[in-house]
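Participant: I'd like to ask some things about the structure below.
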Amino acid sequence: MPQSPSDRTPERPPGRRASQPELLRHSAVRWLARHLLDRREGGVHRAAPAAGGRPITGDKHLTDQSAAVLALADDAPEELPIALQGLLALLDRDGGPGFAEVADRSWRVRPEGRARTLRHQFHAATALLVGSRHTADPVARVRAVDLLNRCLSTCRDGAFPGSLGEDWKRTGDDTPSPLTTAAALRALAIADALGESDVDTEQLPRMATTLGRAARELPTPGGEPRIALALAHAARLLDSAEHAEAAHRTMATTVRHFTTQGAAFGISGGDAAHLLLAGAVLRSRGHDDCGATAVSRAAIDRLADRRHGGFHTVPGQAGDASAVKYAQVQSALAGALCAAASLPTSHQGRPAEGARDADE
């Protein structure tokens with residue numbers, strides 16, 4: 001029986017053995033393709049038993065479809081069209097902008113899926129943009145750019161609300177959402193990497209400044225890997241020492257939290273993925289990563305299921321017969337391992353100001 005693209009080992013130069021990160025990345029992509037791709041209806045299922053087997057069918061979520069497209073675009077392009085079907089099926093069917101966020105297996109939209117959670121819309125538009133480049137689909141590209149610009153237009157003084165109504169009007173709760181700003185900055189970074197010039201970057205400096213201020217005021221003691229990653233992207237996009245320092249400070253707080261006694265053993269798959277990427281972006285600009293790479297790789301190693309493949313969500317799931325594995329975790333870690341490997345370490349910069357204090 002011929003192997004599917006997800007079953008084949010990654011191509012590499014003759015004579016070079018695959019590195020551990022490459023093997024783990026391929027394991028996640030293979031598990032995602034084997035157990036979670038919905039080859040009948042398109043898109044991906046949310047979860048399947050940790051040991052593999054039939055997926056746990058049920059509602060399909062926009063976040064899973066977006067993450068799968070981003071992971072498969074570079075690691076399994078032959079199977080990318082199946083994942084893209086999920087994104088395309090959730091595009092507003094009445095001609096309005098954006099994506100529905102929850103549907104049943106056959107893509108009938110659930111009432112709760114009609115809201116517009118802005119960070120999910122940013123992720124989905126970015127995934128559609130990436131997918132359109134890999135499939136040379138100009139219509140999908142135009143829709144992706146249009147949605148990114150619509151999302152960016154909701155920015156006020158560098159801040160975004162958490163969600164909007166289906167009509168794209170602001171809801172009663174207009175509390176600024178730092179995680180939405182983080183998603184916006186990551187979307188701009190990916191668009192820039194693709195050479196996409198039609199995405200509006202006018203608010204970029206204000207977004208970076210606002211997010212840096214929010215990072216200093218975070219009420220949680222542990223920091224936030226997604227914010228550290230977004231600030232690292234902002235520092236690169238703006239070539240700004242100030243934002244590099246903000247990213248470094250947030251990273252130091254996050255790593256310090258994860259390396260306190262016992263905390264490192266509880267790092268989730270999503271946090272490990274964002275931490276790995278944030279460290280790689282900082283190092284690519286010549287800045288110290290505060291130990292993020294070492295901490296995230298150790299966490300990823302603990303999450304890897306070497307018996308069945310793929311990754312657990314948290315280390316405590318290993319050996320649990322009732323555990324399940326999630327599409328988002330496989331996708332996020334596969335994507336992070338791929339992106340981190342593609343970012344070369346620069347030795348031409350210097351650690352952000354205050355790095356020595358952060359490491360002591």
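Going through the structure tokens in order, the chains are called A, B, and so on, while each chain numbers its residues from 1 and the ligands are numbered from 1 in the order shown.
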Report as a Markdown table: every residue of stretch 49-115 of chain A with an atom at most 10 Å from stretch 35-43 of chain A, its closest pair of atoms, and their distance in Å to one decimal, counting only C-alpha atoms, with rows sorted by chain and ascending residue number.
Facilitator:
| residue | atom | partner | partner_atom | distance |
| --- | --- | --- | --- | --- |
| A:Pro49 | CA | A:His35 | CA | 8.9 |
| A:Ala50 | CA | A:His35 | CA | 9.8 |
| A:Ala51 | CA | A:His35 | CA | 9.9 |
| A:Gly52 | CA | A:His35 | CA | 6.3 |
| A:Gly53 | CA | A:His35 | CA | 6.3 |
| A:Arg54 | CA | A:His35 | CA | 6.7 |
| A:Pro55 | CA | A:Leu36 | CA | 6.1 |
| A:Ile56 | CA | A:Leu36 | CA | 8.9 |
| A:Thr57 | CA | A:Leu36 | CA | 9.5 |
| A:Lys60 | CA | A:Gly43 | CA | 8.3 |
| A:His61 | CA | A:Gly43 | CA | 9.7 |
| A:Leu62 | CA | A:Gly43 | CA | 9.6 |
| A:Asp64 | CA | A:Gly43 | CA | 8.5 |
| A:Gln65 | CA | A:Gly43 | CA | 6.0 |
| A:Ser66 | CA | A:Gly43 | CA | 9.4 |
| A:Ala68 | CA | A:Gly43 | CA | 8.2 |
| A:Val69 | CA | A:Gly43 | CA | 8.8 |
| A:Glu79 | CA | A:Leu37 | CA | 8.8 |
| A:Leu80 | CA | A:Gly43 | CA | 9.3 |
| A:Pro81 | CA | A:Gly42 | CA | 8.4 |
| A:Ile82 | CA | A:Gly42 | CA | 5.1 |
| A:Ala83 | CA | A:Gly43 | CA | 4.2 |
| A:Leu84 | CA | A:Gly43 | CA | 6.4 |
| A:Gln85 | CA | A:Gly42 | CA | 5.1 |
| A:Gly86 | CA | A:Gly43 | CA | 3.8 |
| A:Leu87 | CA | A:Gly43 | CA | 7.1 |
| A:Leu88 | CA | A:Gly43 | CA | 9.1 |
| A:Ala89 | CA | A:Gly43 | CA | 8.5 |
| A:Leu90 | CA | A:Gly43 | CA | 10.0 |
| A:Arg105 | CA | A:Glu41 | CA | 7.2 |
| A:Ser106 | CA | A:Glu41 | CA | 6.3 |
| A:Trp107 | CA | A:Glu41 | CA | 8.3 |
Participant: Take the selection from the previous step and output its residues with C-alpha atoms, as a PDB file, in the first residue's frame.
Facilitator:
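Listing of again25.pdb after writing:
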ATOM      1  CA  PRO A  49      -7.903   8.913  21.771  1.00  0.00           C
ATOM      2  CA  ALA A  50      -4.259   9.351  22.746  1.00  0.00           C
ATOM      3  CA  ALA A  51      -3.389   5.859  21.525  1.00  0.00           C
ATOM      4  CA  GLY A  52      -4.929   6.649  18.130  1.00  0.00           C
ATOM      5  CA  GLY A  53      -8.001   5.289  16.422  1.00  0.00           C
ATOM      6  CA  ARG A  54     -11.321   6.810  15.445  1.00  0.00           C
ATOM      7  CA  PRO A  55     -11.614  10.542  16.153  1.00  0.00           C
ATOM      8  CA  ILE A  56     -14.013  11.859  18.726  1.00  0.00           C
ATOM      9  CA  THR A  57     -16.533  13.327  16.321  1.00  0.00           C
ATOM     10  CA  LYS A  60     -15.675  21.565  14.528  1.00  0.00           C
ATOM     11  CA  HIS A  61     -13.945  24.693  15.744  1.00  0.00           C
ATOM     12  CA  LEU A  62     -12.335  27.454  13.718  1.00  0.00           C
ATOM     13  CA  ASP A  64      -8.502  23.793  15.020  1.00  0.00           C
ATOM     14  CA  GLN A  65      -8.917  24.415  11.287  1.00  0.00           C
ATOM     15  CA  SER A  66      -6.596  27.439  11.370  1.00  0.00           C
ATOM     16  CA  ALA A  68      -3.992  22.602  11.076  1.00  0.00           C
ATOM     17  CA  VAL A  69      -3.622  24.673   7.901  1.00  0.00           C
ATOM     18  CA  GLU A  79      -2.741  17.028   2.484  1.00  0.00           C
ATOM     19  CA  LEU A  80      -3.126  20.769   2.962  1.00  0.00           C
ATOM     20  CA  PRO A  81      -6.238  20.955   0.696  1.00  0.00           C
ATOM     21  CA  ILE A  82      -8.175  18.712   3.121  1.00  0.00           C
ATOM     22  CA  ALA A  83      -7.426  21.055   6.010  1.00  0.00           C
ATOM     23  CA  LEU A  84      -8.194  24.105   3.860  1.00  0.00           C
ATOM     24  CA  GLN A  85     -11.674  22.732   3.228  1.00  0.00           C
ATOM     25  CA  GLY A  86     -12.379  23.349   6.902  1.00  0.00           C
ATOM     26  CA  LEU A  87     -11.443  27.013   6.713  1.00  0.00           C
ATOM     27  CA  LEU A  88     -13.364  27.568   3.495  1.00  0.00           C
ATOM     28  CA  ALA A  89     -16.450  25.824   4.899  1.00  0.00           C
ATOM     29  CA  LEU A  90     -16.533  28.274   7.829  1.00  0.00           C
ATOM     30  CA  ARG A 105     -19.226  17.874  11.431  1.00  0.00           C
ATOM     31  CA  SER A 106     -21.086  18.687   8.213  1.00  0.00           C
ATOM     32  CA  TRP A 107     -20.342  22.424   8.624  1.00  0.00           C
TER      33      TRP A 107
END
Participant: Report as an MDAnalysis selection string: the residues of stretch 266-353 of chain A with a DSSP assignment of helix (DSSP H, G or I), based on the backbone of this structure.
Facilitator: chainID A and resid 266 269:284 292:303 315:317 327:342
Participant: With a distance cut-off of 10 Å and only C-alpha atoms, select the neighbouring residues of A:Phe160, excluding the residue or stretch itself and same-chain residues fewer than 6 positions from it, and output the selection as a list in words.
Facilitator: Leu118, Arg119, Cys151, Leu152, Ser153, Thr154, Asp174, Thr175, Pro176, Ser177, Pro178, Leu179, Thr180, Thr181, Ala182, Ala184 and Met207 of chain A
Participant: Show me, as a list in words, the residues that have an atom within 8 Å of stretch 320-324 of chain A when counting only C-alpha atoms, minus same-chain residues fewer than 2 positions from it.
Facilitator: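 Residues meeting the cut-off are Ala47, Ala48, Pro49, Ala50, Ala51, His312, Gly316, Gln317, Ala318 and Tyr326 of chain A.
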Participant: May I have the selected residues written with C-alpha atoms, as an mmCIF file, in the first residue's frame?
Facilitator:
data_model
loop_
_atom_site.group_PDB
_atom_site.id
_atom_site.type_symbol
_atom_site.label_atom_id
_atom_site.label_comp_id
_atom_site.auth_asym_id
_atom_site.auth_seq_id
_atom_site.Cartn_x
_atom_site.Cartn_y
_atom_site.Cartn_z
ATOM 1 C CA ALA A 47 -9.531 15.256 19.229
ATOM 2 C CA ALA A 48 -8.927 11.514 19.154
ATOM 3 C CA PRO A 49 -7.903 8.913 21.771
ATOM 4 C CA ALA A 50 -4.259 9.351 22.746
ATOM 5 C CA ALA A 51 -3.389 5.859 21.525
ATOM 6 C CA HIS A 312 0.061 15.120 24.939
ATOM 7 C CA GLY A 316 0.271 14.223 33.282
ATOM 8 C CA GLN A 317 -1.633 12.574 30.412
ATOM 9 C CA ALA A 318 1.164 10.107 29.688
ATOM 10 C CA TYR A 326 -5.982 17.551 20.413
#
Participant: Could you work out how far atom CA of A:Gly335 lies from atom CA of A:Ala71, giving the answer in Å with one decimal?
Facilitator: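 Between these atoms lies a distance of 4.8 Å.
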Participant: Please provide the set of residues having any atom within 10 Å of stretch 210-216 of chain A, restricted to only C-alpha atoms, with same-chain residues fewer than 5 positions apart removed, written as a compact mmCIF listing (two decimals) with N, CA and C atoms, in the first residue's frame.
Facilitator:
# COMPACT_ATOMS: atom_id res chain seq x y z
N ASP A 157 -6.17 53.21 19.20
CA ASP A 157 -4.99 53.57 19.99
C ASP A 157 -4.15 52.36 20.36
N GLY A 158 -4.02 51.44 19.43
CA GLY A 158 -3.16 50.28 19.65
C GLY A 158 -3.81 49.12 20.35
N ALA A 159 -5.09 49.22 20.71
CA ALA A 159 -5.76 48.15 21.46
C ALA A 159 -6.96 47.63 20.68
N PRO A 176 -10.25 46.18 26.43
CA PRO A 176 -9.13 45.85 25.53
C PRO A 176 -8.57 44.46 25.83
N SER A 177 -8.20 43.75 24.79
CA SER A 177 -7.71 42.38 24.93
C SER A 177 -6.26 42.29 24.48
N PRO A 178 -5.30 42.15 25.43
CA PRO A 178 -3.89 42.02 25.03
C PRO A 178 -3.64 40.81 24.13
N LEU A 179 -4.37 39.72 24.34
CA LEU A 179 -4.15 38.54 23.51
C LEU A 179 -4.60 38.77 22.06
N THR A 180 -5.60 39.65 21.87
CA THR A 180 -5.98 39.99 20.50
C THR A 180 -4.88 40.83 19.85
N THR A 181 -4.31 41.75 20.60
CA THR A 181 -3.19 42.53 20.06
C THR A 181 -2.02 41.62 19.72
N ALA A 182 -1.76 40.62 20.58
CA ALA A 182 -0.69 39.66 20.30
C ALA A 182 -0.98 38.90 19.01
N LEU A 185 -0.28 41.16 16.00
CA LEU A 185 1.15 41.33 15.71
C LEU A 185 1.73 40.08 15.05
N LEU A 204 0.79 49.57 13.61
CA LEU A 204 1.79 48.68 14.19
C LEU A 204 2.57 49.30 15.35
N PRO A 205 3.13 50.51 15.23
CA PRO A 205 3.88 51.06 16.37
C PRO A 205 3.03 51.22 17.62
N GLY A 223 3.66 35.73 33.58
CA GLY A 223 3.91 36.24 32.24
C GLY A 223 3.03 35.53 31.24
N GLU A 224 3.30 35.69 29.98
CA GLU A 224 2.44 35.12 28.95
C GLU A 224 3.28 34.88 27.69
N ILE A 227 2.36 36.80 24.48
CA ILE A 227 2.70 38.22 24.48
C ILE A 227 4.20 38.41 24.25
N ALA A 228 5.02 37.55 24.87
CA ALA A 228 6.46 37.62 24.63
C ALA A 228 6.76 37.41 23.15
N ALA A 230 4.73 37.97 20.57
CA ALA A 230 4.24 39.11 19.79
C ALA A 230 5.18 40.30 19.91
N LEU A 231 5.71 40.54 21.09
CA LEU A 231 6.65 41.66 21.27
C LEU A 231 7.96 41.39 20.53
N ALA A 234 7.24 42.27 17.06
CA ALA A 234 7.18 43.72 16.91
C ALA A 234 8.58 44.32 16.84
N GLU A 242 13.73 49.24 21.83
CA GLU A 242 12.76 49.41 22.92
C GLU A 242 11.82 48.21 23.01
N HIS A 243 11.31 47.75 21.87
CA HIS A 243 10.38 46.63 21.89
C HIS A 243 11.12 45.31 22.12
N ALA A 244 12.38 45.24 21.69
CA ALA A 244 13.18 44.06 22.01
C ALA A 244 13.37 43.95 23.51
N GLU A 245 13.58 45.09 24.16
CA GLU A 245 13.73 45.08 25.62
C GLU A 245 12.42 44.64 26.29
N ALA A 246 11.28 45.12 25.77
CA ALA A 246 9.99 44.72 26.33
C ALA A 246 9.76 43.22 26.15
N ALA A 247 10.12 42.70 24.98
CA ALA A 247 9.98 41.26 24.73
C ALA A 247 10.88 40.48 25.67
N ARG A 249 12.02 41.40 28.61
CA ARG A 249 11.52 41.50 29.98
C ARG A 249 10.34 40.54 30.20
N THR A 250 9.43 40.50 29.24
CA THR A 250 8.29 39.59 29.36
C THR A 250 8.75 38.14 29.30
N THR A 253 10.27 37.09 32.67
CA THR A 253 9.22 36.81 33.67
C THR A 253 8.57 35.46 33.42
Participant: For A:Gly309, which residue among A:Ala127, A:Leu23, A:Ala28, A:Cys155 is the nearest when counting only C-alpha atoms?
Facilitator: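 Looking at the shortest contact to A:Gly309, the residue is A:Ala28.
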Participant: Hey, which bits of stretch 104-207 of chain A sit within 12 Å of stretch 236-239 of chain A, and for each residue what's the closest pair of atoms and how far apart in Å (one decimal), counting only C-alpha atoms, rows by chain and increasing number, as a Markdown table?
Facilitator:
| residue | atom | partner | partner_atom | distance |
| --- | --- | --- | --- | --- |
| A:Leu185 | CA | A:Leu237 | CA | 9.2 |
| A:Arg186 | CA | A:Leu237 | CA | 10.3 |
| A:Ala187 | CA | A:Leu237 | CA | 11.6 |
| A:Leu188 | CA | A:Leu237 | CA | 8.5 |
| A:Ala189 | CA | A:Leu237 | CA | 7.0 |
| A:Ile190 | CA | A:Leu237 | CA | 10.4 |
| A:Ala191 | CA | A:Leu237 | CA | 10.9 |
| A:Asp192 | CA | A:Leu237 | CA | 8.1 |
| A:Ala193 | CA | A:Leu237 | CA | 9.9 |
| A:Thr201 | CA | A:Leu237 | CA | 10.0 |
| A:Glu202 | CA | A:Leu238 | CA | 11.7 |
| A:Gln203 | CA | A:Leu238 | CA | 11.7 |
| A:Leu204 | CA | A:Leu238 | CA | 8.3 |
| A:Pro205 | CA | A:Leu238 | CA | 7.4 |
| A:Arg206 | CA | A:Leu238 | CA | 11.1 |
| A:Met207 | CA | A:Leu238 | CA | 11.3 |
Participant: Nearest to A:Ala336 among A:Asp137, A:Glu78, A:Asp289, A:Asp271, with distances taken over only C-alpha atoms: which residue is it?
Facilitator: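 With only C-alpha atoms as the atom set, the closest residue is A:Asp271.
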